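Colleague: Contents of run30.cif (mmCIF, C-alpha atoms):
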data_run
#
loop_
_atom_site.label_atom_id
_atom_site.label_comp_id
_atom_site.auth_asym_id
_atom_site.auth_seq_id
_atom_site.Cartn_x
_atom_site.Cartn_y
_atom_site.Cartn_z
CA MET N 225 -9.30 -80.79 31.61
CA SER N 226 -12.97 -81.57 31.20
CA LEU N 227 -15.18 -80.09 28.47
CA HIS N 228 -17.10 -78.08 31.07
CA GLU N 229 -13.88 -76.48 32.40
CA ARG N 230 -12.69 -75.58 28.89
CA LEU N 231 -16.02 -73.86 28.14
CA GLN N 232 -15.86 -71.92 31.41
CA ARG N 233 -12.33 -70.69 30.61
CA ARG N 234 -13.36 -69.54 27.12
CA LEU N 235 -16.42 -67.73 28.46
CA SER N 236 -14.31 -65.93 31.08
CA ARG N 237 -12.15 -64.41 28.33
CA LEU N 238 -15.09 -62.84 26.50
CA VAL N 239 -15.71 -59.11 27.06
CA PRO N 240 -19.21 -58.64 28.49
CA VAL N 241 -21.61 -56.84 26.17
CA HIS N 242 -24.11 -54.46 27.76
CA LEU N 243 -27.21 -54.31 25.60
CA PRO N 244 -29.40 -51.22 25.89
CA MET N 245 -32.29 -51.78 28.26
CA ALA N 246 -35.81 -51.65 26.84
CA GLY N 247 -38.42 -49.56 28.62
CA ARG N 248 -42.16 -49.23 28.85
CA LEU N 249 -44.46 -46.43 27.84
CA THR N 250 -46.14 -44.85 30.86
CA ARG N 251 -47.64 -41.55 29.76
CA MET N 252 -48.64 -39.53 26.71
CA VAL N 253 -49.38 -35.81 26.92
CA GLY N 254 -50.06 -34.20 23.55
CA LEU N 255 -47.26 -35.44 21.33
CA THR N 256 -44.85 -36.09 24.20
CA LEU N 257 -44.32 -39.67 25.31
CA GLU N 258 -42.81 -40.74 28.63
CA ALA N 259 -41.09 -44.06 29.20
CA VAL N 260 -39.45 -45.64 32.24
CA GLY N 261 -36.64 -48.18 32.37
CA LEU N 262 -35.23 -46.99 29.05
CA ASP N 263 -31.45 -47.02 28.62
CA ALA N 264 -30.98 -44.38 25.88
CA VAL N 265 -29.18 -41.06 25.51
CA THR N 266 -30.67 -37.80 24.27
CA GLY N 267 -30.79 -37.61 20.49
CA SER N 268 -30.92 -41.38 20.04
CA ARG N 269 -33.76 -43.18 18.28
CA CYS N 270 -36.26 -45.66 19.69
CA GLN N 271 -39.06 -47.87 18.42
CA ILE N 272 -42.37 -48.26 20.24
CA GLU N 273 -44.41 -51.40 19.69
CA ARG N 274 -48.03 -51.28 18.47
CA GLU N 275 -50.38 -54.24 18.27
CA GLY N 276 -51.00 -55.19 14.68
CA LEU N 277 -49.27 -52.06 13.33
CA PRO N 278 -45.68 -51.11 12.49
CA ALA N 279 -43.61 -49.72 15.34
CA VAL N 280 -43.56 -45.98 15.95
CA GLU N 281 -40.15 -44.31 15.63
CA ALA N 282 -39.36 -41.67 18.23
CA GLU N 283 -36.37 -39.66 19.41
CA VAL N 284 -35.18 -39.05 22.97
CA VAL N 285 -35.55 -35.32 23.62
CA GLY N 286 -35.07 -35.15 27.40
CA PHE N 287 -35.43 -36.86 30.74
CA SER N 288 -36.47 -36.14 34.34
CA GLY N 289 -35.54 -38.57 37.07
CA HIS N 290 -36.37 -42.06 35.83
CA ALA N 291 -38.67 -40.78 33.08
CA THR N 292 -37.40 -40.42 29.53
CA PHE N 293 -39.20 -38.01 27.17
CA LEU N 294 -39.74 -39.13 23.60
CA MET N 295 -41.02 -37.22 20.58
CA PRO N 296 -42.47 -39.32 17.71
CA VAL N 297 -41.58 -38.74 14.07
CA SER N 298 -44.63 -40.60 12.74
CA THR N 299 -48.26 -41.18 13.60
CA ILE N 300 -48.98 -42.30 17.18
CA GLU N 301 -52.38 -43.96 16.75
CA GLY N 302 -52.52 -47.39 18.36
CA LEU N 303 -50.15 -46.76 21.26
CA LYS N 304 -51.21 -47.94 24.71
CA PRO N 305 -49.80 -47.77 28.27
CA GLY N 306 -47.07 -50.30 28.91
CA ALA N 307 -46.01 -50.58 25.28
CA ARG N 308 -42.43 -51.76 24.95
CA VAL N 309 -39.85 -49.15 23.89
CA TYR N 310 -36.65 -50.44 22.26
CA PRO N 311 -33.52 -48.31 21.66
CA MET N 312 -32.22 -48.39 18.09
CA ALA N 313 -28.54 -48.86 17.42
CA GLY N 314 -26.49 -46.05 15.89
CA LEU N 315 -27.35 -42.56 14.75
CA ALA N 316 -29.84 -41.91 12.00
CA ARG N 317 -28.33 -41.65 8.52
CA PHE N 318 -29.98 -39.95 5.56
CA PRO N 319 -29.41 -40.36 1.79
CA ALA N 320 -27.08 -37.99 -0.03
CA GLY N 321 -25.35 -37.79 -3.39
CA MET N 322 -25.76 -36.58 -6.96
CA ARG N 323 -28.56 -39.07 -7.64
CA LEU N 324 -30.84 -36.99 -5.43
CA LEU N 325 -30.97 -34.12 -7.92
CA GLY N 326 -34.54 -33.54 -9.06
CA ARG N 327 -36.04 -35.43 -6.10
CA VAL N 328 -38.49 -34.29 -3.42
CA LEU N 329 -37.91 -35.87 0.00
CA ASP N 330 -39.45 -35.64 3.45
CA GLY N 331 -37.74 -35.09 6.80
CA ARG N 332 -36.77 -38.77 6.98
CA GLY N 333 -35.16 -38.85 3.54
CA GLN N 334 -38.11 -40.77 2.05
CA PRO N 335 -39.44 -39.80 -1.40
CA LEU N 336 -42.54 -37.63 -1.71
CA ASP N 337 -42.54 -37.28 -5.49
CA GLY N 338 -43.73 -40.75 -6.47
CA ALA N 339 -40.62 -41.26 -8.60
CA GLY N 340 -39.66 -44.54 -6.98
CA PRO N 341 -37.21 -45.37 -4.19
CA VAL N 342 -34.17 -43.26 -3.47
CA HIS N 343 -30.91 -44.79 -4.73
CA ALA N 344 -28.28 -42.58 -3.10
CA GLU N 345 -24.58 -43.29 -3.28
CA ASP N 346 -23.84 -41.82 0.14
CA GLN N 347 -25.34 -40.97 3.53
CA VAL N 348 -25.15 -38.05 5.93
CA SER N 349 -25.95 -37.39 9.56
CA LEU N 350 -28.19 -34.53 10.67
CA GLN N 351 -25.40 -33.10 12.80
CA GLY N 352 -22.76 -31.43 10.67
CA ALA N 353 -19.10 -31.13 11.60
CA VAL N 354 -18.21 -27.86 13.32
CA ILE N 355 -15.79 -25.75 11.26
CA ASN N 356 -13.32 -23.49 13.01
CA PRO N 357 -14.39 -19.96 12.02
CA LEU N 358 -10.75 -19.09 11.32
CA GLY N 359 -10.54 -22.05 8.94
CA ARG N 360 -13.37 -20.90 6.65
CA GLN N 361 -12.64 -19.24 3.33
CA PRO N 362 -13.43 -15.51 3.45
CA ILE N 363 -16.37 -14.17 1.45
CA ARG N 364 -14.80 -12.27 -1.45
CA THR N 365 -16.70 -13.31 -4.60
CA PRO N 366 -20.02 -11.67 -5.58
CA LEU N 367 -22.86 -14.09 -6.35
CA ASP N 368 -25.24 -13.48 -9.23
CA VAL N 369 -28.74 -14.27 -7.90
CA GLY N 370 -30.54 -13.14 -11.06
CA VAL N 371 -32.62 -10.48 -9.25
CA ARG N 372 -31.76 -6.96 -10.35
CA THR N 373 -32.52 -5.12 -7.10
CA ILE N 374 -30.48 -7.57 -5.02
CA ASN N 375 -27.57 -7.70 -7.46
CA ALA N 376 -27.32 -3.91 -7.74
CA LEU N 377 -28.27 -2.59 -4.31
CA PHE N 378 -27.66 -5.51 -1.92
CA THR N 379 -24.89 -7.53 -3.53
CA VAL N 380 -24.56 -10.99 -2.01
CA GLY N 381 -21.30 -12.95 -1.80
CA ARG N 382 -20.70 -16.67 -2.09
CA GLY N 383 -21.06 -18.07 1.42
CA GLN N 384 -23.23 -15.24 2.75
CA ARG N 385 -26.35 -15.86 4.87
CA MET N 386 -29.29 -13.58 4.17
CA GLY N 387 -32.79 -13.30 5.57
CA LEU N 388 -36.03 -12.54 3.73
CA PHE N 389 -38.27 -10.80 6.26
CA ALA N 390 -41.93 -10.67 5.27
CA GLY N 391 -45.48 -11.14 6.38
CA SER N 392 -47.82 -13.50 4.60
CA GLY N 393 -48.74 -12.90 0.98
CA VAL N 394 -46.06 -10.42 -0.07
CA GLY N 395 -44.18 -12.61 -2.54
CA LYS N 396 -41.41 -14.26 -0.55
CA SER N 397 -41.98 -17.69 -2.14
CA VAL N 398 -41.91 -16.17 -5.62
CA LEU N 399 -38.65 -14.38 -4.81
CA LEU N 400 -37.16 -17.67 -3.58
CA GLY N 401 -38.26 -19.31 -6.82
CA MET N 402 -36.62 -16.55 -8.86
CA MET N 403 -33.32 -17.12 -7.07
CA ALA N 404 -33.65 -20.89 -7.40
CA ARG N 405 -34.09 -20.48 -11.17
CA HIS N 406 -31.49 -17.81 -11.87
CA THR N 407 -28.72 -17.99 -9.24
CA GLN N 408 -25.30 -19.02 -10.51
CA ALA N 409 -24.90 -22.11 -8.32
CA ASP N 410 -24.05 -25.74 -9.01
CA ILE N 411 -26.81 -27.18 -6.81
CA THR N 412 -29.83 -25.70 -5.05
CA ILE N 413 -31.23 -27.18 -1.84
CA VAL N 414 -34.77 -26.09 -0.99
CA GLY N 415 -36.13 -26.67 2.51
CA LEU N 416 -39.90 -26.15 2.81
CA ILE N 417 -40.50 -26.28 6.56
CA GLY N 418 -43.96 -26.07 8.08
CA GLU N 419 -45.68 -24.78 4.96
CA ARG N 420 -49.18 -25.80 3.87
CA GLY N 421 -49.21 -28.96 1.76
CA ARG N 422 -50.84 -27.10 -1.12
CA GLU N 423 -48.04 -24.53 -1.12
CA VAL N 424 -45.40 -27.27 -1.32
CA LYS N 425 -46.82 -28.59 -4.60
CA GLU N 426 -47.40 -25.10 -5.99
CA PHE N 427 -43.84 -24.06 -5.18
CA ILE N 428 -42.39 -27.10 -6.94
CA ASP N 429 -44.69 -27.06 -9.99
CA ASP N 430 -45.36 -23.37 -10.57
CA ILE N 431 -42.50 -21.42 -8.98
CA LEU N 432 -39.47 -23.71 -9.08
CA GLY N 433 -40.46 -25.39 -12.34
CA LEU N 434 -38.85 -28.32 -14.15
CA GLU N 435 -35.72 -26.36 -15.02
CA GLY N 436 -35.15 -25.31 -11.41
CA LEU N 437 -35.93 -28.77 -10.04
CA ARG N 438 -33.47 -30.43 -12.39
CA ARG N 439 -30.49 -29.07 -10.42
CA ALA N 440 -32.18 -29.01 -7.02
CA VAL N 441 -33.08 -31.24 -4.10
CA VAL N 442 -36.28 -30.35 -2.23
CA VAL N 443 -36.80 -31.37 1.40
CA ALA N 444 -40.39 -30.74 2.45
CA SER N 445 -42.09 -31.13 5.82
CA PRO N 446 -45.57 -29.58 5.73
CA ALA N 447 -47.41 -28.09 8.68
CA ASP N 448 -49.21 -31.32 9.62
CA ASP N 449 -45.95 -33.20 10.22
CA PRO N 450 -44.88 -33.75 13.85
CA PRO N 451 -42.65 -30.94 15.14
CA LEU N 452 -39.63 -33.22 15.39
CA LEU N 453 -39.96 -34.13 11.71
CA ARG N 454 -40.02 -30.43 10.82
CA LEU N 455 -36.79 -29.94 12.80
CA HIS N 456 -35.26 -32.93 11.04
CA ALA N 457 -36.23 -31.56 7.62
CA ALA N 458 -34.44 -28.26 8.30
CA ALA N 459 -31.37 -30.11 9.59
CA TYR N 460 -31.45 -32.54 6.65
CA ALA N 461 -31.61 -29.75 4.07
CA THR N 462 -28.64 -28.09 5.78
CA ALA N 463 -26.73 -31.40 5.96
CA LEU N 464 -27.25 -31.96 2.22
CA ALA N 465 -25.95 -28.46 1.48
CA GLU N 466 -22.91 -29.17 3.66
CA TYR N 467 -22.31 -32.46 1.84
CA TYR N 468 -22.24 -30.86 -1.62
CA ARG N 469 -20.21 -27.91 -0.35
CA ASP N 470 -17.58 -30.25 1.04
CA LYS N 471 -17.41 -31.88 -2.40
CA GLY N 472 -16.19 -28.56 -3.78
CA LEU N 473 -19.50 -27.38 -5.27
CA HIS N 474 -21.17 -23.98 -4.97
CA VAL N 475 -24.48 -24.56 -3.20
CA LEU N 476 -27.53 -22.33 -2.77
CA LEU N 477 -29.66 -23.16 0.28
CA LEU N 478 -33.20 -21.73 0.35
CA MET N 479 -35.13 -22.37 3.55
CA ASP N 480 -38.77 -21.39 3.96
CA SER N 481 -39.06 -20.72 6.79
CA LEU N 482 -36.78 -20.17 9.76
CA THR N 483 -39.80 -19.11 11.79
CA ARG N 484 -41.51 -22.48 11.34
CA PHE N 485 -38.29 -24.14 12.49
CA ALA N 486 -38.36 -22.01 15.65
CA GLN N 487 -42.04 -22.79 16.22
CA ALA N 488 -41.37 -26.53 15.94
CA GLN N 489 -38.63 -26.26 18.56
CA ARG N 490 -40.99 -24.24 20.76
CA GLU N 491 -43.62 -27.00 20.57
CA ILE N 492 -41.09 -29.61 21.64
CA ALA N 493 -39.55 -27.50 24.41
CA LEU N 494 -42.89 -26.54 25.94
CA ALA N 495 -44.12 -30.14 25.73
CA ILE N 496 -41.24 -31.44 27.85
CA GLY N 497 -41.65 -28.70 30.44
CA GLU N 498 -39.19 -25.97 29.44
CA PRO N 499 -40.51 -22.61 30.71
CA PRO N 500 -41.40 -19.92 28.15
CA ALA N 501 -39.22 -16.83 28.15
CA THR N 502 -39.71 -14.25 25.37
CA LYS N 503 -43.31 -14.03 24.11
CA GLY N 504 -43.85 -17.74 24.65
CA TYR N 505 -40.53 -18.88 23.15
CA PRO N 506 -38.34 -21.00 25.49
CA PRO N 507 -34.59 -20.24 25.68
CA SER N 508 -33.68 -23.37 23.67
CA VAL N 509 -35.26 -21.80 20.57
CA PHE N 510 -32.71 -18.98 20.58
CA ALA N 511 -29.91 -21.53 21.03
CA LYS N 512 -31.12 -23.69 18.12
CA LEU N 513 -31.35 -20.81 15.63
CA PRO N 514 -27.63 -19.91 15.54
CA ALA N 515 -26.70 -23.59 15.72
CA LEU N 516 -28.57 -24.13 12.45
CA VAL N 517 -27.61 -20.90 10.67
CA GLU N 518 -23.90 -21.10 11.53
CA ARG N 519 -23.62 -24.33 9.56
CA ALA N 520 -24.07 -22.33 6.35
CA GLY N 521 -21.23 -20.37 4.78
CA ASN N 522 -17.99 -21.15 3.03
CA GLY N 523 -16.10 -24.33 3.71
CA ARG N 524 -12.42 -24.82 4.41
CA ASP N 525 -9.74 -24.07 1.83
CA GLY N 526 -10.27 -26.27 -1.20
CA GLN N 527 -13.96 -26.81 -0.48
CA GLY N 528 -16.97 -25.12 -2.04
CA SER N 529 -19.43 -22.56 -0.73
CA MET N 530 -22.92 -22.57 0.76
CA THR N 531 -24.94 -19.37 0.30
CA ALA N 532 -28.16 -19.41 2.30
CA PHE N 533 -31.42 -17.45 2.19
CA TYR N 534 -33.82 -17.94 5.10
CA THR N 535 -37.34 -16.57 5.08
CA VAL N 536 -38.52 -15.10 8.39
CA LEU N 537 -42.24 -14.55 8.94
CA THR N 538 -43.03 -11.29 10.70
CA GLU N 539 -46.31 -11.52 12.62
CA GLY N 540 -48.42 -8.54 11.68
CA ASP N 541 -45.43 -7.21 9.70
CA ASP N 542 -43.71 -6.59 13.06
CA LEU N 543 -39.94 -6.65 12.56
CA GLN N 544 -39.47 -6.72 16.35
CA ASP N 545 -40.94 -10.20 16.60
CA PRO N 546 -38.58 -12.32 18.84
CA VAL N 547 -37.61 -14.74 16.05
CA ALA N 548 -37.15 -11.94 13.52
CA ASP N 549 -35.04 -9.96 15.96
CA ALA N 550 -32.86 -12.98 16.80
CA ALA N 551 -32.46 -13.90 13.11
CA ARG N 552 -31.48 -10.37 12.13
CA ALA N 553 -28.64 -10.50 14.68
CA ILE N 554 -27.11 -13.75 13.41
CA LEU N 555 -27.50 -13.26 9.63
CA ASP N 556 -25.21 -11.36 7.24
CA GLY N 557 -27.97 -9.08 6.04
CA HIS N 558 -31.70 -8.94 5.50
CA LEU N 559 -34.14 -8.12 2.72
CA VAL N 560 -37.44 -6.69 3.98
CA LEU N 561 -40.47 -7.27 1.77
CA SER N 562 -43.01 -4.46 2.03
CA ARG N 563 -46.75 -5.12 2.11
CA LEU N 564 -47.36 -1.60 0.84
CA LEU N 565 -45.31 -2.30 -2.29
CA ALA N 566 -46.97 -5.68 -2.77
CA ASP N 567 -50.41 -4.08 -2.55
CA GLU N 568 -49.33 -1.70 -5.34
CA GLY N 569 -48.33 -4.63 -7.56
CA HIS N 570 -44.63 -3.80 -7.15
CA PHE N 571 -42.71 -7.11 -7.27
CA PRO N 572 -40.29 -8.09 -5.95
CA ALA N 573 -41.58 -5.97 -3.06
CA ILE N 574 -38.13 -5.26 -1.61
CA ASP N 575 -38.06 -2.30 0.77
CA VAL N 576 -34.91 -0.49 -0.36
CA GLU N 577 -34.75 1.64 2.78
CA GLY N 578 -35.21 -1.23 5.26
CA SER N 579 -32.87 -3.78 3.66
CA ILE N 580 -29.11 -4.23 3.92
CA SER N 581 -26.28 -6.53 2.88
CA ARG N 582 -23.53 -6.40 5.46
CA LEU N 583 -20.88 -7.58 3.02
CA MET N 584 -21.59 -5.21 0.14
CA GLN N 585 -18.71 -2.96 1.16
CA VAL N 586 -16.34 -5.91 0.78
CA LEU N 587 -17.85 -7.01 -2.54
CA SER N 588 -17.94 -3.59 -4.27
CA ASP N 589 -15.29 -1.07 -5.25
CA PRO N 590 -15.57 2.38 -3.56
CA ASN N 591 -16.89 4.11 -6.67
CA TYR N 592 -19.75 1.69 -7.20
CA LEU N 593 -20.54 1.71 -3.49
CA ARG N 594 -20.94 5.49 -3.59
CA MET N 595 -23.30 5.23 -6.56
CA SER N 596 -25.49 2.60 -4.88
CA LEU N 597 -25.69 4.73 -1.73
CA ARG N 598 -26.60 7.75 -3.87
CA PHE N 599 -29.49 5.80 -5.43
CA LYS N 600 -30.77 4.76 -1.99
CA GLN N 601 -30.62 8.37 -0.79
CA MET N 602 -32.54 9.53 -3.84
CA TRP N 603 -35.22 6.87 -3.45
CA SER N 604 -35.53 7.55 0.28
CA ARG N 605 -36.11 11.28 -0.30
CA TYR N 606 -38.80 10.48 -2.84
CA ARG N 607 -40.57 8.07 -0.43
CA GLN N 608 -40.47 10.72 2.32
CA ASN N 609 -42.22 13.23 0.04
CA ARG N 610 -44.66 10.74 -1.43
CA ASP N 611 -47.66 11.82 0.65
CA LEU N 612 -47.12 15.45 -0.35
CA ILE N 613 -46.90 14.41 -4.00
CA SER N 614 -50.14 12.40 -3.75
CA LEU N 615 -51.95 15.40 -2.22
CA GLY N 616 -50.56 17.76 -4.83
CA ALA N 617 -48.80 19.76 -2.11
CA TYR N 618 -45.28 19.14 -3.38
CA ALA N 619 -43.79 21.98 -5.43
CA ARG N 620 -41.23 21.14 -8.11
CA GLY N 621 -37.83 22.54 -7.20
CA ALA N 622 -38.17 21.89 -3.47
CA ASP N 623 -35.88 18.85 -3.58
CA ALA N 624 -33.56 17.89 -6.44
CA ASP N 625 -33.62 14.14 -5.69
CA THR N 626 -37.41 14.03 -5.60
CA ASP N 627 -37.58 16.02 -8.82
CA HIS N 628 -35.26 13.56 -10.50
CA VAL N 629 -37.39 10.58 -9.46
CA LEU N 630 -40.55 12.28 -10.69
CA GLU N 631 -38.89 12.98 -14.01
CA HIS N 632 -37.49 9.45 -14.45
CA ARG N 633 -40.07 7.50 -12.42
CA PRO N 634 -41.02 4.96 -15.13
CA GLU N 635 -37.37 4.09 -15.74
CA ILE N 636 -36.60 3.78 -12.01
CA LEU N 637 -39.66 1.59 -11.38
CA ALA N 638 -38.69 -0.60 -14.33
CA PHE N 639 -35.31 -1.06 -12.66
CA LEU N 640 -36.83 -2.03 -9.29
CA ARG N 641 -39.50 -4.33 -10.72
CA GLN N 642 -38.93 -7.74 -12.28
CA THR N 643 -41.12 -10.64 -13.38
CA MET N 644 -40.58 -14.16 -12.08
CA LEU N 645 -39.28 -15.56 -15.39
CA GLU N 646 -36.98 -12.61 -16.12
CA ALA N 647 -33.30 -12.96 -15.24
CA ALA N 648 -30.99 -9.99 -14.65
CA ASN N 649 -27.32 -10.85 -14.34
CA LEU N 650 -24.93 -9.11 -11.98
CA ASP N 651 -23.02 -7.01 -14.51
CA ALA N 652 -26.15 -5.82 -16.30
CA SER N 653 -27.82 -4.95 -12.99
CA ARG N 654 -24.88 -2.82 -11.88
CA SER N 655 -24.57 -1.13 -15.25
CA HIS N 656 -28.26 -0.28 -15.15
CA LEU N 657 -27.88 1.30 -11.71
CA MET N 658 -24.86 3.35 -12.78
CA HIS N 659 -26.83 4.63 -15.78
CA LEU N 660 -29.65 5.78 -13.49
CA VAL N 661 -27.34 7.46 -11.00
CA SER N 662 -25.04 9.12 -13.56
CA SER N 663 -27.72 11.66 -14.45
CA LEU N 664 -28.47 12.56 -10.81
CA PRO N 665 -27.76 16.10 -9.65
CA SER N 666 -24.60 16.29 -7.58
#
Would you encode the structure as structure tokens?
Modeller:
Amino acid sequence: MSLHERLQRRLSRLVPVHLPMAGRLTRMVGLTLEAVGLDAVTGSRCQIEREGLPAVEAEVVGFSGHATFLMPVSTIEGLKPGARVYPMAGLARFPAGMRLLGRVLDGRGQPLDGAGPVHAEDQVSLQGAVINPLGRQPIRTPLDVGVRTINALFTVGRGQRMGLFAGSGVGKSVLLGMMARHTQADITIVGLIGERGREVKEFIDDILGLEGLRRAVVVASPADDPPLLRLHAAAYATALAEYYRDKGLHVLLLMDSLTRFAQAQREIALAIGEPPATKGYPPSVFAKLPALVERAGNGRDGQGSMTAFYTVLTEGDDLQDPVADAARAILDGHLVLSRLLADEGHFPAIDVEGSISRLMQVLSDPNYLRMSLRFKQMWSRYRQNRDLISLGAYARGADADTDHVLEHRPEILAFLRQTMLEAANLDASRSHLMHLVSSLPS
């Protein structure tokens, strides 16, 4: 047999390899790029050539006919029609591990803190494994978050998902910082999504502080990042929390904010032609929200827990905002921050009447539950009569609960108020509440 015949036989035995087909850039509208001839699936990554500059990384977010829609995750200056688009092999992987503690990263897992390169011992994907809801550990253990009002009146359990509903400037970031400092958790993951760059630094330096950062990982994607990078930052923060939870640790996830996550998804969906539905939000937004939130919670037996707090911005303090309404339906409770209380200098400005923890009945014995409800009733009656009191039209003796608040108002306000650096543990918070309620008229 000749050499040529032997080579032909060997080549015929090889399995053909189909390499992904490169495409060409044909159109750019806003931040959306269109390419033709590209052999790539949705969710995969691509690189787009630029003359004299590094390639632009983008992700496939949709397609229509022969056109593939791409969303960049970095700056797009220097792109031109006909630029070559190359699919990248494999799914994106992001750093994870205990060496990340104390670091501040962006939505790509790159350092923002100037502390040198990231040396992580492991990697994670942005898409977490789906856990059978029947396989999760039930929420049975109260979590000490260090905030007296929450511990006493809205007890949170390990693995619970809570929302902080607030307008701008009412102290939600400070409340998150208090929980980051004082919550009894092994690791804290902070996701700062779509916030102003100035607020990111202020949160880390002034609110979280060195002590809080030492046992935390911060993932930040400010408002000037592309929308896809903001989505990635939220998913990365959640993936890190899942990673540590699966290692058997108790994790606290603080995400500010869920609304900015929804707005980033809206930008992408509208850019690729998805029609708006509810007040300008496309349907995909309301599918992405539960997909993200449901990843939080307890793990399987033998794993740890992930307790999550998500801030939700209410436009004009409107709790019926579409994102706020959708979030309230998929979370395990919500804490409403009142602008009226904030204007009075009452911090944390938690609206006792408008807030609820859906698992408090499970986490409290019947006697304590009755006492917490009795306090809420007393405070509600006082708030209802507040205008009459201010006008001097309220007569003592008209309502026993209101009379009690007027008599013990300084003590009650001291219970509801708390400074950022002050910590109030769970047992002390509950004992304080029982002391206040024990003297109430029956």
Colleague: Could you pull the residues within 9 Å of region 286-295 of chain N, counting only C-alpha atoms, minus those fewer than 5 positions along the same chain, as a compact mmCIF listing (two decimals) with C-alpha atoms, in the coordinates of the input?
Modeller:
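The resulting file, selection.txt, is shown below:
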# COMPACT_ATOMS: atom_id res chain seq x y z
CA THR N 250 -46.14 -44.85 30.86
CA LEU N 255 -47.26 -35.44 21.33
CA THR N 256 -44.85 -36.09 24.20
CA LEU N 257 -44.32 -39.67 25.31
CA GLU N 258 -42.81 -40.74 28.63
CA ALA N 259 -41.09 -44.06 29.20
CA VAL N 260 -39.45 -45.64 32.24
CA GLY N 261 -36.64 -48.18 32.37
CA LEU N 262 -35.23 -46.99 29.05
CA ASP N 263 -31.45 -47.02 28.62
CA ALA N 264 -30.98 -44.38 25.88
CA VAL N 265 -29.18 -41.06 25.51
CA THR N 266 -30.67 -37.80 24.27
CA GLY N 267 -30.79 -37.61 20.49
CA ARG N 269 -33.76 -43.18 18.28
CA CYS N 270 -36.26 -45.66 19.69
CA GLU N 281 -40.15 -44.31 15.63
CA PRO N 450 -44.88 -33.75 13.85
CA PRO N 451 -42.65 -30.94 15.14
CA LEU N 452 -39.63 -33.22 15.39
CA ILE N 492 -41.09 -29.61 21.64
CA ILE N 496 -41.24 -31.44 27.85
Colleague: Determine the residue set returned by the PyMOL selection byres ((chain N and resi 456) around 12) for the present structure, and present it as an NGL selection string.
Modeller: :N and (267 or 283 or 295-297 or 316-318 or 329-333 or 349-351 or 415-418 or 443-445 or 449-455 or 457-464 or 485 or 488-489 or 516)
Colleague: Nearest to Gln601 (chain N): which of N:Ala624, N:Ala307, N:Ala652, N:Val586 is it, counting all atoms listed in the file?
Modeller: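 Closest candidate: N:Ala624.
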Colleague: Apply the PyMOL selection byres ((chain N and resi 396) around 10) to the displayed file and report the matching residues as a list in words.
Modeller: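 When the PyMOL selection byres ((chain N and resi 396) around 10) is applied, the selected residues are Leu388, Phe389, Ala390, Gly391, Ser392, Gly393, Val394, Gly395, Ser397, Val398, Leu399, Leu400, Gly401, Met402, Asp480, Thr535, Val536, Leu537, Val560, Leu561, Phe571, Pro572, Ala573 and Ile574 of chain N.
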Colleague: In Å, with one decimal, what is the gap from CA of Leu543 (chain N) to CA of Asp575 (chain N)?
Modeller: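 Rounded to one decimal, the two atoms are 12.7 Å apart.
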Colleague: Considering only C-alpha atoms, return as a ChimeraX atom specification whatever protein or nucleic-acid residues lie within 8 Å of Val475 (chain N), sequence-local ones (same chain, fewer than 5 positions apart) excluded.
Modeller: /N:409-413,465,468-469,528-531
Colleague: Mind checking which residues fall within 12 Å of Gly621 (chain N), counting only C-alpha atoms, ignoring those fewer than 4 positions away in the same chain, and posting them as a PDB file with C-alpha atoms, in the coordinates of the input?
Modeller:
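The resulting file, selection-v2.pdb, is reproduced below:
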ATOM      1  CA  ASP N 625     -33.620  14.140  -5.690  1.00  0.00           C
ATOM      2  CA  THR N 626     -37.410  14.030  -5.600  1.00  0.00           C
ATOM      3  CA  ASP N 627     -37.580  16.020  -8.820  1.00  0.00           C
ATOM      4  CA  HIS N 628     -35.260  13.560 -10.500  1.00  0.00           C
ATOM      5  CA  LEU N 630     -40.550  12.280 -10.690  1.00  0.00           C
ATOM      6  CA  GLU N 631     -38.890  12.980 -14.010  1.00  0.00           C
TER       7      GLU N 631
END
Colleague: Identify which of the residues N:Arg382, N:Lys425, N:Arg372, N:Arg620 lies closest to Thr643 (chain N), counting only C-alpha atoms when measuring atom-to-atom distances.
Modeller: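 Smallest distance to Thr643 (chain N) is found for N:Arg372.
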Colleague: List the residues selected by the PyMOL selection byres ((chain N and resi 384) around 9) in the file shown, writing them as a PyMOL selection string.
Modeller: chain N and resi 363+380-383+385-386+520-522+529-533+555-557+583
Colleague: Any idea what the distance is between CA of Ile300 (chain N) and CA of Pro335 (chain N)?
Modeller: 21.0 Å
Colleague: Could you name the residues that touch Asn591 (chain N) at 12 Å or less, counting only C-alpha atoms, but leaving out those on the same chain fewer than 3 positions away, as a compact mmCIF listing (two decimals) with C-alpha atoms, in the coordinates of the input?
Modeller:
# COMPACT_ATOMS: atom_id res chain seq x y z
CA GLN N 585 -18.71 -2.96 1.16
CA LEU N 587 -17.85 -7.01 -2.54
CA SER N 588 -17.94 -3.59 -4.27
CA ARG N 594 -20.94 5.49 -3.59
CA MET N 595 -23.30 5.23 -6.56
CA SER N 596 -25.49 2.60 -4.88
CA LEU N 597 -25.69 4.73 -1.73
CA ARG N 598 -26.60 7.75 -3.87
CA ARG N 654 -24.88 -2.82 -11.88
CA MET N 658 -24.86 3.35 -12.78
CA VAL N 661 -27.34 7.46 -11.00
CA SER N 662 -25.04 9.12 -13.56
Colleague: Hey, which of N:Lys503, N:Ala638, N:Gly526, N:Lys471 ends up closest to Gln361 (chain N)? Count all atoms listed in the file.
Modeller: N:Gly526
Colleague: From the options N:Val309, N:Met252, N:Met403, N:Ala353, which residue's atoms come nearest to Gly523 (chain N), counting only C-alpha atoms?
Modeller: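 Closest residue, counting only C-alpha atoms: N:Ala353.
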